[in-house]
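For reference, the structure is listed below as structure tokens.
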Protein chains: 4
Amino acid sequence: MCGIFAVYNHKKAAKITYEGLFGLQHRGQESTGIVTSDGSKVYKDKCKGMGLVSEVYVETNKEAKEGQVALEDLIGSMAVGHVRYSTTGSSSEKNAQPITITHKNDVYAIVHNGNLTNYCKLKSKLEDQGSVLNTSSDTEIILHLLIKSRKNSLEGKVYDVLEKIRGAYSFVLMANDELIAVRDPHGFRPLSLGKLDDAYVIASETCAFDQIGAEHIRDVMPGEVLKISQGYEKSVFLPERPHKFCIFEYIYLARPNSYVFGEYVHGVREEFGRRLFKEHPVDADIIVPVPDSGTYAAWGYSQKSGTMLKFGLSRNHYIPRTFIQPDSRSKGVELKLSPVKKILRDKKVVLVDDSIVRATTMGKIVRMVKDSGAKEVHVRISSPPITHPCYYGIDTPTKEELIASSKTVEEIKDFIKADSLGYLSKEGMLRCTRRCKKEFCTACFDGKYPVL
Amino acid sequence: MCGIFAVYNHKKAAKITYEGLFGLQHRGQESTGIVTSDGSKVYKDKCKGMGLVSEVYVETNKEAKEGQVALEDLIGSMAVGHVRYSTTGSSSEKNAQPITITHKNDVYAIVHNGNLTNYCKLKSKLEDQGSVLNTSSDTEIILHLLIKSRKNSLEGKVYDVLEKIRGAYSFVLMANDELIAVRDPHGFRPLSLGKLDDAYVIASETCAFDQIGAEHIRDVMPGEVLKISQGYEKSVFLPERPHKFCIFEYIYLARPNSYVFGEYVHGVREEFGRRLFKEHPVDADIIVPVPDSGTYAAWGYSQKSGTMLKFGLSRNHYIPRTFIQPDSRSKGVELKLSPVKKILRDKKVVLVDDSIVRATTMGKIVRMVKDSGAKEVHVRISSPPITHPCYYGIDTPTKEELIASSKTVEEIKDFIKADSLGYLSKEGMLRCTRRCKKEFCTACFDGKYPVL
Amino acid sequence: MCGIFAVYNHKKAAKITYEGLFGLQHRGQESTGIVTSDGSKVYKDKCKGMGLVSEVYVETNKEAKEGQVALEDLIGSMAVGHVRYSTTGSSSEKNAQPITITHKNDVYAIVHNGNLTNYCKLKSKLEDQGSVLNTSSDTEIILHLLIKSRKNSLEGKVYDVLEKIRGAYSFVLMANDELIAVRDPHGFRPLSLGKLDDAYVIASETCAFDQIGAEHIRDVMPGEVLKISQGYEKSVFLPERPHKFCIFEYIYLARPNSYVFGEYVHGVREEFGRRLFKEHPVDADIIVPVPDSGTYAAWGYSQKSGTMLKFGLSRNHYIPRTFIQPDSRSKGVELKLSPVKKILRDKKVVLVDDSIVRATTMGKIVRMVKDSGAKEVHVRISSPPITHPCYYGIDTPTKEELIASSKTVEEIKDFIKADSLGYLSKEGMLRCTRRCKKEFCTACFDGKYPVL
Amino acid sequence: MCGIFAVYNHKKAAKITYEGLFGLQHRGQESTGIVTSDGSKVYKDKCKGMGLVSEVYVETNKEAKEGQVALEDLIGSMAVGHVRYSTTGSSSEKNAQPITITHKNDVYAIVHNGNLTNYCKLKSKLEDQGSVLNTSSDTEIILHLLIKSRKNSLEGKVYDVLEKIRGAYSFVLMANDELIAVRDPHGFRPLSLGKLDDAYVIASETCAFDQIGAEHIRDVMPGEVLKISQGYEKSVFLPERPHKFCIFEYIYLARPNSYVFGEYVHGVREEFGRRLFKEHPVDADIIVPVPDSGTYAAWGYSQKSGTMLKFGLSRNHYIPRTFIQPDSRSKGVELKLSPVKKILRDKKVVLVDDSIVRATTMGKIVRMVKDSGAKEVHVRISSPPITHPCYYGIDTPTKEELIASSKTVEEIKDFIKADSLGYLSKEGMLRCTRRCKKEFCTACFDGKYPVL
């Protein structure tokens with residue numbers, strides 16, 4: 001999971017990108033980077049850092065501490081920016097994006113959200129030809145293929161690359177004086193186009209536009225190669241393929257206030273909650289959301305059921321990304337949640353959350369709620385059991401670690417020690433959106449991978 | 001505002017204190033410190049740092065970066081810890097607590113929450129006698145008075161000090177092999193005693209006990225001087241004075257799941273919300289809490305009014321403590337909030353928050369909600385207008401900056417451009433708790449300062 | 001051992017002090033500090049650091065890394081600066097000088113070279129009176145005594161202090177708008193006064209004046225209390241006491257080009273060398289100095305003997321202050337010296353050095369020279385055997401560690417495995433200066449401590 | 001200028017390399033790096049740093065500060081290490097060596113001293129083929145050519161590379177389990193082979209062997225490709241070419257105790273001094289070396305002339321690599337030298353140094369000596385005027401900056417304001433070594449570049 005952002009033709013391109021990335025921070029907290037161009041020079045040195053956008057960037061060099069980047073050094077009216085999610089084992093500044101490449105007199109910078117499924121094959125072929133790859137990231141492959149293209153125009157080179165790569169990808173490529181935004185033909189990941197006065201802006205989610213006060217124009221279309229250059233946009237399209245939008249953007253990934261795949265995210269989540277009640281009703285005393293992931297679905301469940309929503313779990317505001325392993329009793333430290341005991345005591349509680357991965361966290365929450373005196377704890381999940389890993393850009397664990405890949409719902413219920421457990425059905429979930437069911441990728445729930 | 005924590009007789013005293021402070025982080029994010037004792041030696045070097053508990057401490061020296069503290073260096077079964085709120089101008093490691101003093105062969109460490117009102121007089125007197133004060137903090141004064149006492153026992157020395165100091169104070173003093181916890185006779189600030197197996201723990205709020213799995217035994221009483229030594233607790237009491245509990249702990253400061261002054265905080269807040277509806281009803285479409293401060297009062301308001309609660313404002317999870325000043329349009333950056341437009345559009349909205357200080361933030365929120373298409377915005381505040389600064393340990397701004405000190409409610413309504421504005425009355429607020437009205441300090445609302 | 005420097009009335013006071021301290025770097029490499037005053041404000045925060053002058057200071061904040069100090073922050077036309085020698089166990093920024101104290105509205109800064117012999121007694125008395133001492137340094141005592149004085153003028157306060165302290169001390173005290181330079185009545189440590197245009201400068205050694213292009217006017221006299229204020233100097237004197245100049249300044253401490261106690265240092269060293277030949281002649285092939293400490297004495301020895309000086313030991317230019325412990329064979333790493341084998345091979349060598357402390361280093365050098373093929377190695381030392389520790393400001397080890405305190409010259413010769421060993425006699429040494437023999441402190445050679 | 005070091009088959013390979021590099025520190029102070037291999041894995045991450053060997057490396061992770069490398073992380077019995085000289089504009093960690101490349105499952109590390117003269121042509125060709133170069137260094141080219149080779153064995157690949165590259169090069173290449181040391185057919189730069197028990201060691205200069213207690217076996221021969229693998233050494237040779245040893249190694253670069261091109265360096269330098277007297281005698285009072293570069297030549301000059309050597313210039317021990325620009329008067333700061341006035345006063349002085357580049361430093365030294373009261377200052381240089389830049393690995397400035405490229409000796413004498421100036425003749429210089437004159441490269445003195 002990553003968030004990407006780009007600006008064309010704004011005199012404060014780096015600053016706008018910084019603010020846009022801040023709005024996309026939920027898509028990646030491991031590292032961030034911004035590369036700018038003034039039309040002739042690309043500013044790519046000292047532009048990345050480990051950590052949050054607000055930790056890495058400062059306004060001036062004078063303020064900058066070790067490891068921080070000063071926005072004043074990022075000159076020019078074009079920019080591409082990135083926030084990166086922490087994936088196991090490869091957390092280092094080397095893998096932070098944008099990735100840049102210098103070839104003869106040209107500099108290219110790329111920001112990418114997705115995953116190339118034929119990465120290994122491409123890598124091996126490039127190495128046979130004597131190419132040297134510096135990262136373990138598929139994003140670098142795109143750049144190496146680009147400089148090998150014999151086409152003259154940048155869009156020509158990009159088209160050459162797209163004919164070779166497969167998988168889920170939304171990326172923006174910046175050359176000295178042009179931007180090219182690309183979304184794969186299946187449209188797995190969202191990518192939106194906006195305007196801020198005379199500037200074009202591109203972002204993974206529309207919430208980034210709200211952050212900077214920009215207007216959402218339209219989405220970059222599946223299969224579209226959108227070039228912005230000399231003040232104009234121009235598009236070519238890859239051959240059409242079936243839409244395969246990632247349903248998990250609705251379930252968990254996107255911010256509730258984003259407009260994704262033609263709909264507001266929170267609205268879909270509330271509908272998930274209402275549907276979930278229909279499929280798995282409980283005659284409970286209170287509905288308690290697991291903050292903040294379960295909030296909107298819990299609201300829908302509460303509304304449909306007529307049972308009162310109560311804030312029985314309180315979230316710590318100061319959530320660290322790393323934390324010293326707590327001693328056994330200190331469940332809250334790990335969970336970043338505290339029980340509001342008086343609300344939970346002697347109640348028949350419905351806990352609503354968006355999904356279950358390994359079930360260890362949910363097990364701890366159930367125990368914490370029971371320890372607080374709840375009579376019964378009924379867990380309701382606003383998505384189906386996750387049984388398969390994602391190969392399209394989400395860092396789900398291996399199949400072995402996914403509890404639903406080897407256990408039945410009944411067994412999971414026992415594992416988390418809940419009084420009952422109900423998942424939203426796949427069928428029910430897909431009915432909650434306005435789109436045709438076939439337009440979504442549901443591989444994580446059924447193992448039907450559209451591209452391999 | 002600060003949070004204090006102490007442990008007596010636990011083999012992982014530093015670790016327990018670390019976790020306890022994590023649970024008190026909302027009381028102060030500027031700096032933190034932990035000092036331990038193994039009964040003969042006090043570990044006081046390299047024990048403090050600027051920033052959050054989770055940023056300052058790491059488990060081992062091997063992991064420690066510049067400015068970080070390794071818990072493994074903090075040896076012993078006794079500890080005192082502190083989190084400090086950012087106050088204007090004096091944000092530096094020098095003022096971080098615990099403050100320690102070495103006098104002959106004795107080392108004392110203190111953690112303090114409160115404010116001494118006769119600080120200037122005491123300071124001047126000490127300097128006349130040739131004492132050298134290293135900080136601008138009133139906490140240091142307590143230590144200097146302590147070592148000037150001719151009493152032999154530590155409790156004797158402390159009693160000497162208490163006869164000299166005035167104001168609001170809850171503090172814990174650690175000597176080589178004993179702890180003394182003190183709460184001023186008015187009881188302004190909370191201070192609670194708990195047990196974790198054979199260990200005693202002391203904390204500003206009971207939520208810290210939940211964090212570590214400890215049991216809340218009782219509060220340290222107003223005027224109590226509680227000594228813990230050789231495995232036993234022993235108390236003496238200062239002459240009795242009228243209770244003056246800080247009502248703002250209920251309104252904003254304490255965590256909803258804490259048990260403060262004899263009651264759960266979230267329960268009082270819900271009651272504030274219900275009462276607020278009775279005093280200032282609106283026939284609205286939706287009730288929207290300002291997250292997270294307004295959440296429980298909004299719930300009470302919604303429940304009493306029968307109007308639906310909706311999450312029309314979404315809070316950014318990655319809230320930086322410092323942020324580059326955004327460009328004018330980027331309201332959300334500053335507010336750390338995003339509007340959920342579809343929820344707000346064409347609605348008559350009641351916004352519920354806990355208090356208004358300068359009104360600039362609320363003005364921005366109202367504008368953001370209106371920009372999102374709300375038809376009407378009615379602001380409801382679950383406390384009275386703040387007209388006077390606090391001299392008892394809360395960093396309120398000067399009187400001039402408090403909007404309610406110079407403007408009427410009608411004028412504030414115009415300033416924030418709301419369609420209506422209703423504050424909970426002082427009378428109404430005080431009725432929401434179980435205690436007698438006179439037991440609370442309400443100086444910030446009426447200027448009646450109990451101690452000067 | 002320390003070096004002190006001060007400036008009065010120079011618009012670039014911090015810069016001049018920086019350059020002066022660079023010239024005094026040989027007197028201390030552990031830490032350094034500069035405090036300035038603009039006549040009303042004393043700039044004392046972020047002014048010190050661990051390491052060399054050239055490592056700690058940079059010109060502007062923009063260049064400053066973690067732990068570095070920007071000269072541009074040190075404002076004003078007055079300054080005091082210090083370089084500190086590494087003493088066992090207390091190497092920390094807290095003990096770095098200048099030490100400052102804030103008392104009421106006054107700020108004092110002090111830089112000190114020397115050692116108070118009644119430190120413990122003074123400390124105990126101050127603590128009985130309730131004073132809190134923050135460092136383990138005798139320098140802080142001076143400041144505490146100062147603020148306890150009831151005198152009105154600064155010179156009056158200083159005089160009060162001097163009546164209480166004993167030992168070896170050369171210090172400069174800076175108040176808001178005046179400087180006071182003091183040298184103890186015995187004159188143990190050097191202290192010189194110079195002028196640079198209209199500015200006064202004060203330094204431990206005259207080589208610092210050469211560094212900045214200043215003129216050496218005269219020495220601060222033993223027992224002199226020299227006040228510089230309003231552009232004028234004014235002196236009072238303590239009661240006269242016998243001179244006790246530190247002979248070790250001539251032997252090792254001072255730079256060869258300094259003018260100390262009325263004579264150039266290198267001249268005295270050459271004379272030591274000539275005298276050493278007279279007392280301990282060898283009919284050798286070559287005279288080899290141990291660089292750089294033995295250079296001038298070796299030259300004198302060579303000149304008097306007529307035997308050729310040859311550079312048979314080469315010094316590494318990049319001498320680290322700390323170094324990973326080398327494996328056993330790598331003698332040179334530790335010694336920071338390399339043998340020039342072809343020069344030493346088959347030669348009868350006289351090695352000349354200034355002194356022997358523990359004899360371990362000399363033992364390694366002798367072995368290295370023999371391993372390089374020298375036929376015979378005759379060691380000649382241009383000072384007597386060191387048998388007693390110094391209590392007047394030099395960090396000699398304890399008596400037990402001084403090899404000459406327990407071994408005869410013959411035994412030391414065997415220990416270092418030299419073919420012969422000759423020390424300059426105390427009598428002979430004292431004849432090499434122009435001063436009367438009684439004017440020198442020779443306690444490290446004979447245990448006759450002039451002040452206790 | 002750089003220094004290279006390598007170890008094969010020593011259980012403390014990293015430590016030995018560290019000590020060896022310490023002994024080569026004079027060949028480069030900008031950056032340093034060590035890469036090790038345990039036979040199957042190459043340890044190449046976090047292995048380099050800016051600054052001196054003693055600053056970059058620490059023994060354990062626990063001690064390591066920001067930017068430092070722990071030797072304990074550098075595992076294995078093989079290692080290559082490097083110290084790099086500061087060249088204008090390209091001082092960054094990216095250009096620090098060893099440079100490594102990962103290709104498929106192979107990792108190669110290289111350390112290089114020299115300069116490829118056909119670098120630009122090779123670079124352009126590689127880029128045309130789609131290679132991406134990450135540094136501006138010619139060393140990286142060697143690695144890219146290597147992985148393009150279709151040969152199977154490493155020595156085969158290296159041979160392929162050597163057929164393509166031209167210029168001056170001494171390098172060591174490390175693959176998983178073998179080392180290959182190469183010296184160009186002209187032998188411009190030295191490279192020596194040694195043994196330490198069962199381990200092979202390779203170093204730019206033999207002084208590194210003395211440092212670690214290793215034995216010097218022989219030099220790597222011009223044109224030799226020496227492979228060390230499975231405990232054995234094996235060599236192949238490039239076609240023979242005329243020897244072109246760098247005479248500047250004798251003049252300035254190498255340490256006096258190194259054995260270079262078949263002779264001890266200090267011996268050649270003394271002979272330069274004797275010859276210099278013969279060519280340019282002065283009837284002076286004293287001979288003063290410019291420390292430390294002029295020391296041995298001054299000794300030879302003094303010996304031949306019978307005029308006394310005196311240490312009239314004293315060198316500061318704490319030489320910073322960067323220093324704040326001093327004010328105009330502070331000549332010594334810049335020069336890192338202090339005059340010993342009493343020695344120089346009223347004397348007719350011969351100053352001896354190794355070479356003159358821009359002449360600004362020598363101008364300052366002459367002025368300093370005259371300001372100290374010298375009657376006459378005669379400058380003698382133990383090498384001919386430098387008129388041309390070096391293209392074989394020494395960072396001489398451009399031709400324009402070399403004073404002797406545009407000024408006669410008489411004009412230079414006037415520029416530095418000396419009373420006379422004498423350079424050693426090229427003819428005379430070449431006679432001072434045991435080798436045939438034609439075996440040396442003297443391009444910096446005559447512009448006759450042997451390879452272009």
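Each chain in the structure tokens gets a letter, A, B, ..., in the order shown, and its residues are numbered from 1; ligands are numbered from 1 in order too.
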(Q) List as a count of residues only the protein and nucleic acid residues near Lys413 of chain C, meaning an atom at most 10 Å away when only C-alpha atoms are counted, but skip any in the same chain fewer than 3 places from it. (A) 15
As an mmCIF file with N, CA, C and O atoms, in the first residue's frame, please: every residue in segment 12-137 of chain A that DSSP puts in strand (DSSP E or B).
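The file below, part.cif, is the result:
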data_model
loop_
_atom_site.group_PDB
_atom_site.id
_atom_site.type_symbol
_atom_site.label_atom_id
_atom_site.label_comp_id
_atom_site.auth_asym_id
_atom_site.auth_seq_id
_atom_site.Cartn_x
_atom_site.Cartn_y
_atom_site.Cartn_z
ATOM 1 N N SER A 31 7.933 5.556 4.921
ATOM 2 C CA SER A 31 8.871 6.520 4.354
ATOM 3 C C SER A 31 8.114 7.454 3.438
ATOM 4 O O SER A 31 6.974 7.192 3.061
ATOM 5 N N THR A 32 8.743 8.529 3.073
ATOM 6 C CA THR A 32 8.111 9.484 2.174
ATOM 7 C C THR A 32 9.177 10.183 1.353
ATOM 8 O O THR A 32 10.351 10.237 1.757
ATOM 9 N N GLY A 33 8.781 10.693 0.200
ATOM 10 C CA GLY A 33 9.728 11.404 -0.640
ATOM 11 C C GLY A 33 9.026 12.339 -1.595
ATOM 12 O O GLY A 33 7.867 12.118 -1.964
ATOM 13 N N ILE A 34 9.708 13.408 -1.963
ATOM 14 C CA ILE A 34 9.195 14.358 -2.950
ATOM 15 C C ILE A 34 10.348 14.720 -3.887
ATOM 16 O O ILE A 34 11.430 15.078 -3.427
ATOM 17 N N VAL A 35 10.115 14.612 -5.181
ATOM 18 C CA VAL A 35 11.101 15.075 -6.154
ATOM 19 C C VAL A 35 10.444 16.156 -7.005
ATOM 20 O O VAL A 35 9.296 16.003 -7.408
ATOM 21 N N THR A 36 11.164 17.243 -7.232
ATOM 22 C CA THR A 36 10.597 18.345 -8.024
ATOM 23 C C THR A 36 11.425 18.580 -9.282
ATOM 24 O O THR A 36 12.558 18.113 -9.400
ATOM 25 N N SER A 37 10.835 19.343 -10.192
ATOM 26 C CA SER A 37 11.567 19.745 -11.383
ATOM 27 C C SER A 37 11.221 21.190 -11.703
ATOM 28 O O SER A 37 10.069 21.616 -11.549
ATOM 29 N N VAL A 42 16.066 18.478 -12.306
ATOM 30 C CA VAL A 42 15.273 17.676 -11.381
ATOM 31 C C VAL A 42 15.976 17.660 -10.024
ATOM 32 O O VAL A 42 17.177 17.381 -9.957
ATOM 33 N N TYR A 43 15.264 18.007 -8.964
ATOM 34 C CA TYR A 43 15.840 18.076 -7.632
ATOM 35 C C TYR A 43 15.570 16.766 -6.909
ATOM 36 O O TYR A 43 14.478 16.545 -6.411
ATOM 37 N N LYS A 48 14.188 12.353 0.427
ATOM 38 C CA LYS A 48 13.404 11.288 1.033
ATOM 39 C C LYS A 48 13.790 11.093 2.490
ATOM 40 O O LYS A 48 14.866 11.508 2.910
ATOM 41 N N GLY A 49 12.923 10.430 3.227
ATOM 42 C CA GLY A 49 13.262 10.138 4.608
ATOM 43 C C GLY A 49 12.367 9.058 5.162
ATOM 44 O O GLY A 49 11.301 8.773 4.620
ATOM 45 N N MET A 50 12.806 8.436 6.262
ATOM 46 C CA MET A 50 12.013 7.420 6.935
ATOM 47 C C MET A 50 11.042 8.131 7.870
ATOM 48 O O MET A 50 11.419 9.052 8.585
ATOM 49 N N TYR A 57 9.723 16.365 6.638
ATOM 50 C CA TYR A 57 9.882 17.672 6.002
ATOM 51 C C TYR A 57 9.824 18.843 6.973
ATOM 52 O O TYR A 57 9.019 18.850 7.903
ATOM 53 N N VAL A 58 10.691 19.797 6.730
ATOM 54 C CA VAL A 58 10.615 21.081 7.417
ATOM 55 C C VAL A 58 10.694 22.152 6.343
ATOM 56 O O VAL A 58 10.987 21.868 5.180
ATOM 57 N N VAL A 69 14.327 16.832 5.578
ATOM 58 C CA VAL A 69 14.442 17.444 4.266
ATOM 59 C C VAL A 69 13.796 18.828 4.311
ATOM 60 O O VAL A 69 12.708 18.994 4.870
ATOM 61 N N ALA A 70 14.471 19.827 3.741
ATOM 62 C CA ALA A 70 13.924 21.185 3.716
ATOM 63 C C ALA A 70 13.161 21.414 2.416
ATOM 64 O O ALA A 70 13.710 21.224 1.329
ATOM 65 N N MET A 78 6.874 21.533 -10.844
ATOM 66 C CA MET A 78 6.381 20.163 -10.987
ATOM 67 C C MET A 78 6.902 19.331 -9.825
ATOM 68 O O MET A 78 8.032 19.540 -9.381
ATOM 69 N N ALA A 79 6.102 18.355 -9.395
ATOM 70 C CA ALA A 79 6.569 17.502 -8.307
ATOM 71 C C ALA A 79 5.853 16.165 -8.339
ATOM 72 O O ALA A 79 4.713 16.071 -8.806
ATOM 73 N N VAL A 80 6.543 15.131 -7.887
ATOM 74 C CA VAL A 80 5.904 13.856 -7.593
ATOM 75 C C VAL A 80 6.267 13.470 -6.164
ATOM 76 O O VAL A 80 7.393 13.691 -5.732
ATOM 77 N N GLY A 81 5.289 12.917 -5.441
ATOM 78 C CA GLY A 81 5.527 12.557 -4.045
ATOM 79 C C GLY A 81 4.935 11.207 -3.726
ATOM 80 O O GLY A 81 4.079 10.689 -4.455
ATOM 81 N N HIS A 82 5.387 10.640 -2.618
ATOM 82 C CA HIS A 82 5.034 9.263 -2.302
ATOM 83 C C HIS A 82 5.022 9.053 -0.797
ATOM 84 O O HIS A 82 5.840 9.619 -0.087
ATOM 85 N N VAL A 83 4.092 8.246 -0.313
ATOM 86 C CA VAL A 83 4.183 7.713 1.049
ATOM 87 C C VAL A 83 4.148 6.200 0.921
ATOM 88 O O VAL A 83 3.407 5.651 0.124
ATOM 89 N N ARG A 84 5.005 5.541 1.714
ATOM 90 C CA ARG A 84 5.198 4.105 1.554
ATOM 91 C C ARG A 84 4.822 3.363 2.821
ATOM 92 O O ARG A 84 5.115 3.800 3.919
ATOM 93 N N ILE A 99 11.588 6.904 -6.927
ATOM 94 C CA ILE A 99 12.844 6.353 -7.419
ATOM 95 C C ILE A 99 13.221 7.162 -8.647
ATOM 96 O O ILE A 99 12.366 7.510 -9.468
ATOM 97 N N THR A 100 14.505 7.511 -8.727
ATOM 98 C CA THR A 100 14.937 8.301 -9.871
ATOM 99 C C THR A 100 16.035 7.556 -10.613
ATOM 100 O O THR A 100 16.699 6.680 -10.063
ATOM 101 N N ILE A 101 16.203 7.926 -11.854
ATOM 102 C CA ILE A 101 17.248 7.323 -12.665
ATOM 103 C C ILE A 101 17.831 8.428 -13.522
ATOM 104 O O ILE A 101 17.109 9.313 -13.985
ATOM 105 N N THR A 102 19.152 8.408 -13.677
ATOM 106 C CA THR A 102 19.794 9.395 -14.527
ATOM 107 C C THR A 102 20.399 8.646 -15.697
ATOM 108 O O THR A 102 21.172 7.701 -15.509
ATOM 109 N N HIS A 103 20.027 9.028 -16.891
ATOM 110 C CA HIS A 103 20.541 8.337 -18.058
ATOM 111 C C HIS A 103 20.972 9.381 -19.061
ATOM 112 O O HIS A 103 20.161 10.142 -19.560
ATOM 113 N N ASP A 106 19.217 12.799 -19.175
ATOM 114 C CA ASP A 106 17.831 12.792 -18.733
ATOM 115 C C ASP A 106 17.688 12.213 -17.327
ATOM 116 O O ASP A 106 18.367 11.267 -16.973
ATOM 117 N N VAL A 107 16.760 12.834 -16.606
ATOM 118 C CA VAL A 107 16.450 12.332 -15.274
ATOM 119 C C VAL A 107 14.965 11.992 -15.234
ATOM 120 O O VAL A 107 14.139 12.780 -15.699
ATOM 121 N N TYR A 108 14.643 10.818 -14.741
ATOM 122 C CA TYR A 108 13.250 10.421 -14.581
ATOM 123 C C TYR A 108 12.987 10.100 -13.117
ATOM 124 O O TYR A 108 13.817 9.513 -12.438
ATOM 125 N N ALA A 109 11.792 10.483 -12.666
ATOM 126 C CA ALA A 109 11.385 10.157 -11.293
ATOM 127 C C ALA A 109 10.029 9.485 -11.364
ATOM 128 O O ALA A 109 9.171 9.883 -12.155
ATOM 129 N N ILE A 110 9.847 8.454 -10.538
ATOM 130 C CA ILE A 110 8.587 7.734 -10.585
ATOM 131 C C ILE A 110 8.038 7.506 -9.192
ATOM 132 O O ILE A 110 8.798 7.308 -8.240
ATOM 133 N N VAL A 111 6.705 7.568 -9.057
ATOM 134 C CA VAL A 111 6.027 7.172 -7.827
ATOM 135 C C VAL A 111 4.973 6.147 -8.223
ATOM 136 O O VAL A 111 4.264 6.329 -9.210
ATOM 137 N N HIS A 112 4.871 5.081 -7.436
ATOM 138 C CA HIS A 112 4.105 3.935 -7.881
ATOM 139 C C HIS A 112 3.302 3.346 -6.733
ATOM 140 O O HIS A 112 3.795 3.220 -5.624
ATOM 141 N N ASN A 113 2.060 2.965 -7.008
ATOM 142 C CA ASN A 113 1.224 2.232 -6.063
ATOM 143 C C ASN A 113 0.712 0.996 -6.782
ATOM 144 O O ASN A 113 -0.018 1.118 -7.759
ATOM 145 N N GLY A 114 1.138 -0.169 -6.306
ATOM 146 C CA GLY A 114 0.689 -1.399 -6.947
ATOM 147 C C GLY A 114 1.735 -2.474 -6.856
ATOM 148 O O GLY A 114 2.610 -2.424 -5.984
ATOM 149 N N ASN A 115 1.645 -3.426 -7.749
ATOM 150 C CA ASN A 115 2.576 -4.546 -7.719
ATOM 151 C C ASN A 115 2.612 -5.211 -9.094
ATOM 152 O O ASN A 115 1.567 -5.544 -9.645
ATOM 153 N N LEU A 116 3.834 -5.381 -9.645
ATOM 154 C CA LEU A 116 3.945 -6.033 -10.948
ATOM 155 C C LEU A 116 4.035 -7.536 -10.733
ATOM 156 O O LEU A 116 4.916 -8.027 -10.017
#
Q: Skip Cys444 of chain D itself and residues of its chain fewer than 6 positions away, then list as a ChimeraX atom specification all residues within 8 Å of it, counting only C-alpha atoms.
A: /D:386-390
(Q) I need the contact residues of chain D against chain B, so if you could list those with any atom within 10 Å, counting only C-alpha atoms, and return them as a list in words, that would help. (A)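 Residues passing the distance filter: Thr60, Asn61, Lys62, Glu63, Ala64, Lys65 and Glu66 of chain D.
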How would the residues just picked look written out with N, CA and C atoms as a CSV table (one decimal), in the first residue's frame?
chain,number,residue,atom,x,y,z
D,60,THR,N,31.8,-1.9,18.5
D,60,THR,CA,30.5,-2.6,18.6
D,60,THR,C,29.3,-1.6,18.2
D,61,ASN,N,28.2,-2.2,17.9
D,61,ASN,CA,27.0,-1.4,17.6
D,61,ASN,C,26.6,-0.5,18.8
D,62,LYS,N,26.9,-1.0,20.0
D,62,LYS,CA,26.5,-0.3,21.2
D,62,LYS,C,27.2,1.1,21.2
D,63,GLU,N,28.4,1.2,20.8
D,63,GLU,CA,29.1,2.4,20.8
D,63,GLU,C,28.8,3.3,19.6
D,64,ALA,N,28.2,2.7,18.5
D,64,ALA,CA,28.1,3.5,17.3
D,64,ALA,C,27.1,4.6,17.4
D,65,LYS,N,27.6,5.8,17.0
D,65,LYS,CA,26.7,7.0,16.8
D,65,LYS,C,26.3,7.1,15.4
D,66,GLU,N,25.4,8.0,15.2
D,66,GLU,CA,24.9,8.3,13.8
D,66,GLU,C,26.1,8.4,12.9
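Residues in contact range of Leu238 of chain B, defined as at most 8 Å between only C-alpha atoms, with sequence neighbours fewer than 3 positions away removed, read B:Pro185, B:Gly223, B:Glu224, B:Val225.
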